Each structure stands twice: as C-alpha cells, then as structure tokens.
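Asker: final30.txt (compact mmCIF, C-alpha atoms and all ligand atoms) pasted underneath:
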# COMPACT_ATOMS: atom_id res chain seq x y z
CA MET D 1 88.90 104.74 90.86
CA SER D 2 92.14 105.24 89.10
CA ALA D 3 94.85 102.66 89.63
CA ASP D 4 97.43 105.24 90.52
CA PRO D 5 96.07 108.37 92.23
CA LEU D 6 99.53 109.65 93.16
CA PRO D 7 101.53 110.84 90.15
CA LYS D 8 105.02 109.51 90.50
CA ASP D 9 106.67 112.84 89.80
CA GLY D 10 104.66 114.54 92.53
CA SER D 11 102.98 116.92 90.11
CA ARG D 12 99.30 117.45 89.49
CA LEU D 13 99.77 117.15 85.75
CA GLU D 14 98.65 114.23 83.69
CA PRO D 15 101.64 111.93 83.34
CA GLY D 16 103.30 112.16 79.96
CA PRO D 17 105.42 109.48 78.30
CA GLU D 18 108.50 108.40 80.22
CA PRO D 19 111.43 110.58 79.14
CA VAL D 20 114.06 108.79 77.13
CA ARG D 21 117.22 108.89 79.23
CA ALA D 22 120.59 109.03 77.62
CA PRO D 23 123.16 106.89 79.36
CA GLY D 24 125.11 109.08 81.71
CA PRO D 25 125.17 110.23 85.30
CA ALA D 26 122.48 108.88 87.61
CA ALA D 27 119.30 110.93 87.89
CA GLU D 28 119.34 113.69 90.47
CA PRO D 29 118.12 112.53 93.87
CA VAL D 30 114.85 113.96 95.16
CA LEU D 31 116.58 114.73 98.45
CA ARG D 32 120.24 115.35 99.16
CA LEU D 33 121.81 116.19 102.51
CA SER D 34 125.36 117.43 102.30
CA ALA D 35 127.56 117.70 105.41
CA VAL D 36 124.59 118.64 107.56
CA ARG D 37 125.42 119.61 111.11
CA LYS D 38 122.92 120.45 113.83
CA THR D 39 123.65 121.41 117.41
CA TYR D 40 121.51 122.23 120.41
CA GLY D 41 123.67 124.46 122.56
CA SER D 42 126.92 122.59 123.04
CA SER D 43 125.59 119.17 122.04
CA VAL D 44 126.09 118.01 118.47
CA VAL D 45 122.93 116.18 117.42
CA LEU D 46 123.77 115.67 113.73
CA ALA D 47 127.35 115.65 112.51
CA ASP D 48 128.39 115.69 108.88
CA ILE D 49 125.28 113.94 107.54
CA GLY D 50 125.42 113.10 103.85
CA LEU D 51 122.48 111.32 102.28
CA ASP D 52 120.95 110.88 98.82
CA VAL D 53 117.36 109.73 98.42
CA PRO D 54 116.60 108.78 94.81
CA ALA D 55 113.10 109.19 93.37
CA HIS D 56 110.59 106.42 94.10
CA THR D 57 112.71 104.88 96.84
CA VAL D 58 112.26 104.38 100.56
CA THR D 59 115.03 105.26 103.00
CA ALA D 60 114.70 103.94 106.56
CA LEU D 61 116.48 105.69 109.42
CA ILE D 62 117.14 103.31 112.27
CA GLY D 63 119.08 103.70 115.49
CA ALA D 64 118.70 103.97 119.23
CA SER D 65 116.49 106.54 120.88
CA GLY D 66 118.22 109.90 120.77
CA SER D 67 120.47 109.04 117.82
CA GLY D 68 119.07 111.93 115.76
CA LYS D 69 116.45 110.39 113.45
CA SER D 70 113.66 112.87 114.21
CA THR D 71 116.02 115.81 114.14
CA LEU D 72 117.21 114.78 110.69
CA LEU D 73 113.62 114.72 109.42
CA ARG D 74 112.88 118.08 111.04
CA CYS D 75 115.93 119.60 109.33
CA VAL D 76 114.66 118.35 105.96
CA ASN D 77 111.25 119.88 106.58
CA LEU D 78 112.90 123.13 107.73
CA LEU D 79 111.34 122.85 111.17
CA GLU D 80 114.90 123.11 112.46
CA GLU D 81 117.64 125.38 111.21
CA ILE D 82 120.88 123.58 110.46
CA ASP D 83 124.22 124.93 111.67
CA ASP D 84 126.22 123.87 108.67
CA GLY D 85 125.92 122.00 105.38
CA ALA D 86 123.00 122.05 102.95
CA VAL D 87 119.77 120.28 102.08
CA PHE D 88 118.64 120.04 98.46
CA LEU D 89 115.21 119.18 97.10
CA ASP D 90 115.28 118.26 93.43
CA GLY D 91 118.67 119.91 93.16
CA ALA D 92 117.63 123.26 94.68
CA GLU D 93 119.15 124.21 98.00
CA ILE D 94 116.24 124.62 100.41
CA THR D 95 118.47 125.64 103.32
CA ASP D 96 119.48 128.76 101.42
CA PRO D 97 118.16 131.70 103.49
CA ARG D 98 116.41 133.10 100.41
CA THR D 99 114.27 129.96 100.09
CA ASP D 100 110.50 130.31 100.29
CA GLN D 101 110.06 127.90 103.20
CA ASP D 102 106.30 127.63 102.80
CA ALA D 103 106.73 126.62 99.17
CA VAL D 104 109.19 123.92 100.24
CA ARG D 105 106.86 122.60 102.93
CA ARG D 106 104.08 122.38 100.37
CA ARG D 107 106.22 119.86 98.49
CA ILE D 108 107.08 117.75 101.53
CA GLY D 109 104.45 115.71 103.36
CA VAL D 110 105.07 114.86 106.99
CA VAL D 111 103.36 112.45 109.37
CA PHE D 112 104.36 112.31 113.01
CA GLN D 113 103.81 109.83 115.81
CA ALA D 114 100.82 111.77 117.10
CA TYR D 115 98.20 111.85 114.38
CA ASN D 116 97.54 115.57 114.83
CA LEU D 117 94.27 115.47 112.94
CA PHE D 118 92.13 118.57 113.39
CA PRO D 119 89.59 117.38 115.99
CA HIS D 120 86.85 119.80 114.96
CA MET D 121 86.89 118.72 111.31
CA THR D 122 85.52 115.62 109.67
CA VAL D 123 87.84 113.08 108.08
CA LEU D 124 86.98 114.47 104.65
CA ASP D 125 87.69 118.05 105.70
CA ASN D 126 90.98 117.02 107.32
CA ILE D 127 92.13 115.46 104.05
CA THR D 128 90.88 118.19 101.72
CA LEU D 129 91.91 121.25 103.74
CA ALA D 130 95.45 121.59 102.37
CA PRO D 131 94.60 120.75 98.74
CA ARG D 132 91.78 123.33 98.81
CA ARG D 133 93.37 126.11 100.84
CA VAL D 134 97.02 125.79 99.96
CA HIS D 135 96.96 124.25 96.49
CA ARG D 136 93.70 125.93 95.37
CA VAL D 137 92.15 122.67 94.19
CA PRO D 138 88.37 123.10 93.69
CA ARG D 139 86.36 121.55 96.52
CA ALA D 140 84.60 118.99 94.29
CA VAL D 141 87.91 117.79 92.85
CA ALA D 142 89.60 117.63 96.26
CA GLU D 143 86.68 115.75 97.78
CA GLY D 144 86.51 113.34 94.87
CA GLU D 145 90.20 112.54 95.24
CA ALA D 146 89.89 112.23 99.03
CA ARG D 147 86.99 109.81 98.70
CA GLU D 148 89.02 107.71 96.26
CA LEU D 149 91.89 107.57 98.73
CA LEU D 150 89.54 106.67 101.60
CA ALA D 151 87.91 103.94 99.53
CA ARG D 152 91.31 102.52 98.76
CA LEU D 153 91.87 102.05 102.50
CA GLY D 154 88.40 100.73 103.21
CA LEU D 155 87.52 103.93 105.05
CA ALA D 156 84.94 105.28 102.60
CA ASP D 157 82.18 105.15 105.19
CA ARG D 158 84.19 107.23 107.68
CA ALA D 159 84.42 110.38 105.54
CA GLY D 160 81.87 112.26 107.66
CA GLU D 161 83.21 111.13 111.05
CA TYR D 162 85.18 113.26 113.47
CA PRO D 163 88.63 111.93 114.44
CA ASP D 164 87.66 111.00 118.01
CA ARG D 165 85.25 108.42 116.61
CA LEU D 166 88.09 106.55 114.89
CA SER D 167 90.59 104.04 116.25
CA GLY D 168 94.23 105.10 116.54
CA GLY D 169 95.08 103.05 113.47
CA GLN D 170 92.29 104.65 111.47
CA GLN D 171 93.37 108.12 112.61
CA GLN D 172 96.93 107.47 111.57
CA ARG D 173 95.79 106.15 108.18
CA VAL D 174 93.76 109.34 107.71
CA ALA D 175 96.85 111.35 108.71
CA LEU D 176 98.78 109.54 105.96
CA LEU D 177 96.04 110.30 103.44
CA ARG D 178 96.06 113.92 104.51
CA ALA D 179 99.80 114.06 103.87
CA VAL D 180 99.58 112.48 100.41
CA ALA D 181 96.44 114.38 99.34
CA THR D 182 98.65 117.30 98.31
CA LYS D 183 100.72 114.93 96.13
CA PRO D 184 104.02 115.75 97.81
CA ARG D 185 107.33 115.21 96.13
CA LEU D 186 108.69 113.65 99.31
CA LEU D 187 107.02 112.07 102.33
CA LEU D 188 108.66 112.04 105.77
CA LEU D 189 107.29 109.58 108.32
CA ASP D 190 108.45 109.95 111.91
CA GLU D 191 107.69 106.93 114.09
CA ILE D 192 104.15 106.78 112.76
CA THR D 193 103.30 103.54 114.56
CA ALA D 194 104.93 104.35 117.90
CA ALA D 195 101.73 105.47 119.62
CA LEU D 196 99.59 102.59 118.35
CA ASP D 197 98.47 99.42 120.02
CA PRO D 198 100.39 96.54 118.45
CA GLU D 199 97.33 95.13 116.69
CA LEU D 200 96.83 98.43 114.84
CA VAL D 201 100.39 98.75 113.55
CA GLY D 202 99.88 96.41 110.59
CA GLU D 203 97.07 98.39 109.00
CA VAL D 204 99.14 101.58 109.06
CA LEU D 205 102.23 99.89 107.65
CA ALA D 206 100.06 98.44 104.88
CA VAL D 207 99.34 102.00 103.74
CA VAL D 208 103.06 102.78 103.61
CA ARG D 209 103.61 99.62 101.57
CA ASP D 210 100.86 100.76 99.21
CA LEU D 211 102.43 104.22 98.85
CA LYS D 212 105.76 102.62 98.02
CA GLU D 213 104.12 100.57 95.30
CA GLN D 214 102.74 103.79 93.85
CA GLY D 215 106.22 105.23 93.66
CA MET D 216 106.15 107.69 96.55
CA THR D 217 109.61 108.79 97.67
CA MET D 218 109.83 108.40 101.43
CA VAL D 219 112.18 108.80 104.36
CA ILE D 220 111.02 106.87 107.41
CA ALA D 221 112.33 107.05 110.95
CA THR D 222 111.26 103.83 112.56
CA HIS D 223 111.72 101.34 115.36
CA GLU D 224 109.82 98.74 113.29
CA MET D 225 112.89 96.86 112.15
CA ALA D 226 111.07 94.06 110.36
CA PHE D 227 109.16 96.65 108.40
CA ALA D 228 112.27 98.66 107.56
CA ARG D 229 113.90 95.48 106.34
CA GLU D 230 110.95 94.68 104.13
CA VAL D 231 110.08 98.07 102.67
CA ALA D 232 113.32 100.07 102.52
CA ASP D 233 115.61 100.34 99.53
CA GLN D 234 118.25 101.97 101.69
CA VAL D 235 118.78 101.65 105.43
CA CYS D 236 120.81 104.17 107.46
CA PHE D 237 121.93 103.30 110.96
CA LEU D 238 122.33 106.47 113.02
CA ASP D 239 124.53 106.47 116.05
CA ALA D 240 125.05 109.63 118.09
CA GLY D 241 124.16 111.89 115.16
CA VAL D 242 126.29 110.11 112.59
CA ILE D 243 125.22 107.77 109.80
CA LEU D 244 127.51 105.01 110.94
CA GLU D 245 126.42 102.47 108.38
CA ARG D 246 124.22 102.45 105.33
CA GLY D 247 123.28 99.94 102.71
CA THR D 248 120.52 97.75 101.42
CA PRO D 249 118.42 95.95 104.04
CA ALA D 250 120.30 92.77 103.18
CA GLU D 251 123.61 94.50 103.90
CA VAL D 252 122.67 96.35 107.08
CA PHE D 253 120.43 93.71 108.65
CA GLY D 254 122.05 90.64 107.13
CA ALA D 255 125.74 91.48 107.41
CA PRO D 256 126.32 94.64 109.45
CA ARG D 257 129.96 95.75 109.36
CA GLU D 258 130.14 98.12 112.30
CA PRO D 259 130.31 96.72 115.86
CA ARG D 260 127.77 99.29 117.06
CA THR D 261 125.29 98.28 114.36
CA GLN D 262 125.84 94.65 115.28
CA GLU D 263 125.23 95.44 118.94
CA PHE D 264 122.08 97.46 118.17
CA LEU D 265 120.64 94.69 116.00
CA ARG D 266 121.55 92.04 118.55
CA ARG D 267 119.55 93.91 121.20
CA ILE D 268 116.62 94.34 118.80
CA THR D 269 116.71 90.66 117.92
CA GLU D 270 116.83 89.65 121.57
CA ALA D 271 113.81 91.84 122.21
CA GLY D 272 112.01 89.87 119.48
CA ARG D 273 111.64 92.91 117.19
CA LEU D 274 113.53 91.54 114.20
N1 LIG D 301 114.63 120.89 120.90
C1 LIG D 301 115.67 120.24 121.43
N2 LIG D 301 116.51 120.83 122.28
C2 LIG D 301 117.58 120.22 122.80
N3 LIG D 301 117.91 118.94 122.52
C3 LIG D 301 117.13 118.28 121.67
C4 LIG D 301 115.96 118.88 121.07
N4 LIG D 301 115.38 117.96 120.26
C5 LIG D 301 116.13 116.85 120.34
N5 LIG D 301 117.17 117.03 121.18
C6 LIG D 301 118.21 116.05 121.48
O1 LIG D 301 118.77 115.63 120.26
C7 LIG D 301 119.10 114.25 120.29
C8 LIG D 301 118.44 113.53 119.13
O2 LIG D 301 117.04 113.52 119.33
P1 LIG D 301 116.05 112.91 118.26
O3 LIG D 301 114.66 113.12 118.77
O4 LIG D 301 116.38 113.43 116.93
O5 LIG D 301 116.42 111.36 118.33
P2 LIG D 301 115.66 110.11 117.74
O6 LIG D 301 116.68 109.22 117.17
O7 LIG D 301 114.57 110.57 116.83
O8 LIG D 301 115.03 109.46 119.05
P3 LIG D 301 113.68 108.61 119.20
O9 LIG D 301 113.93 107.30 118.52
O10 LIG D 301 113.52 108.46 120.68
O11 LIG D 301 112.56 109.40 118.58
C9 LIG D 301 118.67 113.74 121.65
O12 LIG D 301 119.79 113.74 122.50
C10 LIG D 301 117.67 114.77 122.11
O13 LIG D 301 117.65 114.85 123.51
Take the structure in the file and give it back as structure tokens.
Ligand SMILES: Nc1ncnc2c1ncn2[C@@H]1O[C@H](COP(=O)(O)OP(=O)(O)OP(=O)(O)O)[C@@H](O)[C@H]1O
Answerer:
Amino acid sequence: MSADPLPKDGSRLEPGPEPVRAPGPAAEPVLRLSAVRKTYGSSVVLADIGLDVPAHTVTALIGASGSGKSTLLRCVNLLEEIDDGAVFLDGAEITDPRTDQDAVRRRIGVVFQAYNLFPHMTVLDNITLAPRRVHRVPRAVAEGEARELLARLGLADRAGEYPDRLSGGQQQRVALLRAVATKPRLLLLDEITAALDPELVGEVLAVVRDLKEQGMTMVIATHEMAFAREVADQVCFLDAGVILERGTPAEVFGAPREPRTQEFLRRITEAGRL
C-alpha cells in the first residue's frame, strides 16, 4: 500500500512538487471563522467567534458541556445557519447564501459521537458509498482504496462484515475511514470517543494520530484532555460561547491565563482526566 493514501492538499490529483513560496504573508488558512454569532431563540450560543485553522494542523475545542463546541462544528459544516459573521473554506465564504452547500459538505468530513454507520451495508460499502456515488470514483478504485485504509487499521478482514458485528471502537474507526475516504479538505470530529468504553478509546485516538501524521487538517471537539494536549497544534477553550483562551497546548494546559480556564482544568485534573 502507499505510504500516504491521503493527499495533503485534499485533492484526488497526484501530488506535484511543493510550490516554492516567496517570503510574505502566511498561507491562507483552510478554515476561517470571522465574528461568528449563533443564537437559539434568545440564547446566544456562539458570540463573536474568530478562528483560523491552518492547513495540516489540528485544532482542539475544549470546554465544559454546553459551551458551544458542537454548535461551532455544526456551523462550519453548514448544519446550522449562523446569525452573523462568516465562515471561509480556503478563502471562499461558505456562509454566503449563494454557496452550493452540498459542494461544501463534500469537502468537509464529519464524524460524530454516534458512529452512524449504515446498518444494512457492509463495512466496505459504508466506506465506498460516498466516493462512488458523490465523487464518481469507479467501484474498483474506491474498493481498492478502502481496503488499503482498512488494512492500515488492521481491519482488512472485516470488510465484508455488517456494523453490528463490530465493537464500538471498530465501528468508530470505520466511521473515520468513511469520512476520510472522500479525501476531505477538512475533518471535523465531534466527541468521537464519548460513547465508547474506556478500553476502546485508545484505538480510535490512534487513528486520529495517524491522520495527523498524514497531514489531515482537523478540528476536534473533545473531552479527552490528555489527547488534545498531545495531538493539537492549537487549543481553544470555549466558555459560554466565547473562545476565552487559545494557544498551544503548552500555553493553555501548562500556563492558562484566564481564571475560568484555570478552574476548568483544575476540575479536569481532579477528576484524573489530565
Ligand atoms: N438545537 C438547539 N436548540 C436550542 N438550543 C440548543 C440547540 N443545540 C444546542 N443548544 C444549546 O446550545 C448550547 C451549546 O451546546 P453545544 O452542544 O454546542 O455544547 P457543547 O460544548 O458541544 O456541549 P457537550 O460538550 O455537552 O457536547 C447549550 O446550551 C445547548 O443547550
């Protein structure tokens, strides 16, 4: 199998030589949120969110339950309509009403807490459905790529199984493969280990680690603080719909500035989760 089945620019094209970059402004982020505001009725769930996610980096969203992490991801994937502000993917505003939302969603992979595999389809069919139907990849090519991905996770022998024959950890790993099979530009992971027995969490996080090594750009909402600390390039602490603090893991976990971040991390540490 190839060493790197996921092209780092998210395209299906053979990678060309690295472009020579003139010194100058930093490269455009894959994802940019600008002054995003989201309300449900009278309650403000996201307020003035600004965020840049550079290519090939991992951004972890941390914060208490209800702080707005999932809502932020849903706004990026256009599952929620924002009230104000803008979201940009590769510099193009995707919250513009004229945007082809299906085209945007084809470029963004999402995995939720519940694996949501199609129960009536085999593992192989779950993974190849979107590449074949949405991206028009020939069946033989899609299946070849899916088998490579499965082999990489030690799941080659499960290709013909139905989801209910797999453990929760295996189902979630298949869900991750299904999301990356379309070679998305951006991958959003929403509490992907929350429904798993503790002994199955590690195998799923190992896949995320592997995707990071391959250069996948990811935004992860997580309560797995130790994992966020290890894998993230940028950590954002959300508090009541505001990014109260952001920085490298060393900054946010090692020397949090804001009292509310300190308090949150103290509780997490006391609970033995950091
Ligand atoms: N469809 C909805 N209608 C009304 N309120 C909602 C809706 N979805 C979320 N909320 C509210 O928005 C706030 C943020 O919720 P969200 O799920 O984004 O938080 P979270 O940080 O992801 O929480 P958790 O860690 O528990 O998943 C909460 O107060 C929640 O009750």
Asker: I'd like the contact shell of D:Ile62 - 10 Å cut-off, all atoms listed in the file, skipping same-chain residues fewer than 2 positions apart - returned as a list in words.
Answerer: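 Contacts, in chain order: Thr59, Ala60, Ala64, Ser65, Ser67, Gly68, Lys69, Ile220, Ala221, Thr222, His223, Glu224, Met225, Ala228, Val235, Cys236, Phe237, Leu238, Asp239, Ile243, Arg246, Thr261 and Phe264 of chain D.
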Asker: Between atom CA of D:Arg107 and atom CA of D:Arg185, what distance in Å does the model show, to one decimal?
Answerer: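 Distance between the two atoms: 5.3 Å.
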Asker: What's the 12 Å shell around D:Gly202, counting all atoms listed in the file, without same-chain residues fewer than 2 positions away, as a ChimeraX atom specification?
Answerer: /D:168-170,172-173,192-194,196-200,204-209,224,226-227
Asker: With all atoms listed in the file as the basis for distance, which of D:Val58, D:Leu155, D:Leu73, D:Leu31 is at the shortest distance from ligand LIG 301 (chain D)?
Answerer: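 So, comparing all the options, the nearest one is D:Leu73.
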Asker: Write out as number ranges by chain the residues lying within 7 Å of D:Leu51, counting all atoms listed in the file and excluding same-chain residues fewer than 5 positions away.
Answerer: D: 32-34
Asker: Which centre and edge lengths in Å to one decimal define the box along x, y and z that fits every listed atom of ligand LIG 301 (chain D) plus 8 Å per side, as JSON?
Answerer:
{"center_x": 116.2, "center_y": 114.1, "center_z": 120.2, "size_x": 23.2, "size_y": 29.6, "size_z": 22.7}
Asker: With only C-alpha atoms as the atoms that count, which of D:Arg37, D:Arg106, D:Arg98, D:His56 lies nearest to D:Gln214?
Answerer: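 Ranking D:Arg37, D:Arg106, D:Arg98, D:His56 by distance to D:Gln214, first place goes to D:His56.
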Asker: In Å, rounded to a single decimal, give me how far atom CA of D:Arg158 is from atom CA of D:Ala181.
Answerer: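 Between atom CA of D:Ala181 and atom CA of D:Arg158 the gap works out to 16.5 Å.
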Asker: Between D:Ala175, D:Glu93, D:Val123, D:Ala240, single out the one closest to D:Gly63, counting all atoms listed in the file.
Answerer: D:Ala240
Asker: Provide the atom CA of D:Pro163 to atom CA of D:Val134 distance in Å, to one decimal place.
Answerer: 21.7 Å
Asker: Identify which of the residues D:Asp48, D:Val87, D:Gly66, D:Phe112 lies closest to ligand LIG 301 (chain D), counting all atoms listed in the file when measuring atom-to-atom distances.
Answerer: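 Among the listed residues, D:Gly66 lies closest to ligand LIG 301 (chain D).
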Asker: Which residue, D:Leu149, D:Leu129, D:Leu189, D:Ala271, has the smallest gap to ligand LIG 301 (chain D) when you use only C-alpha atoms and all ligand atoms?
Answerer: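 Closest residue, counting only C-alpha atoms and all ligand atoms: D:Leu189.
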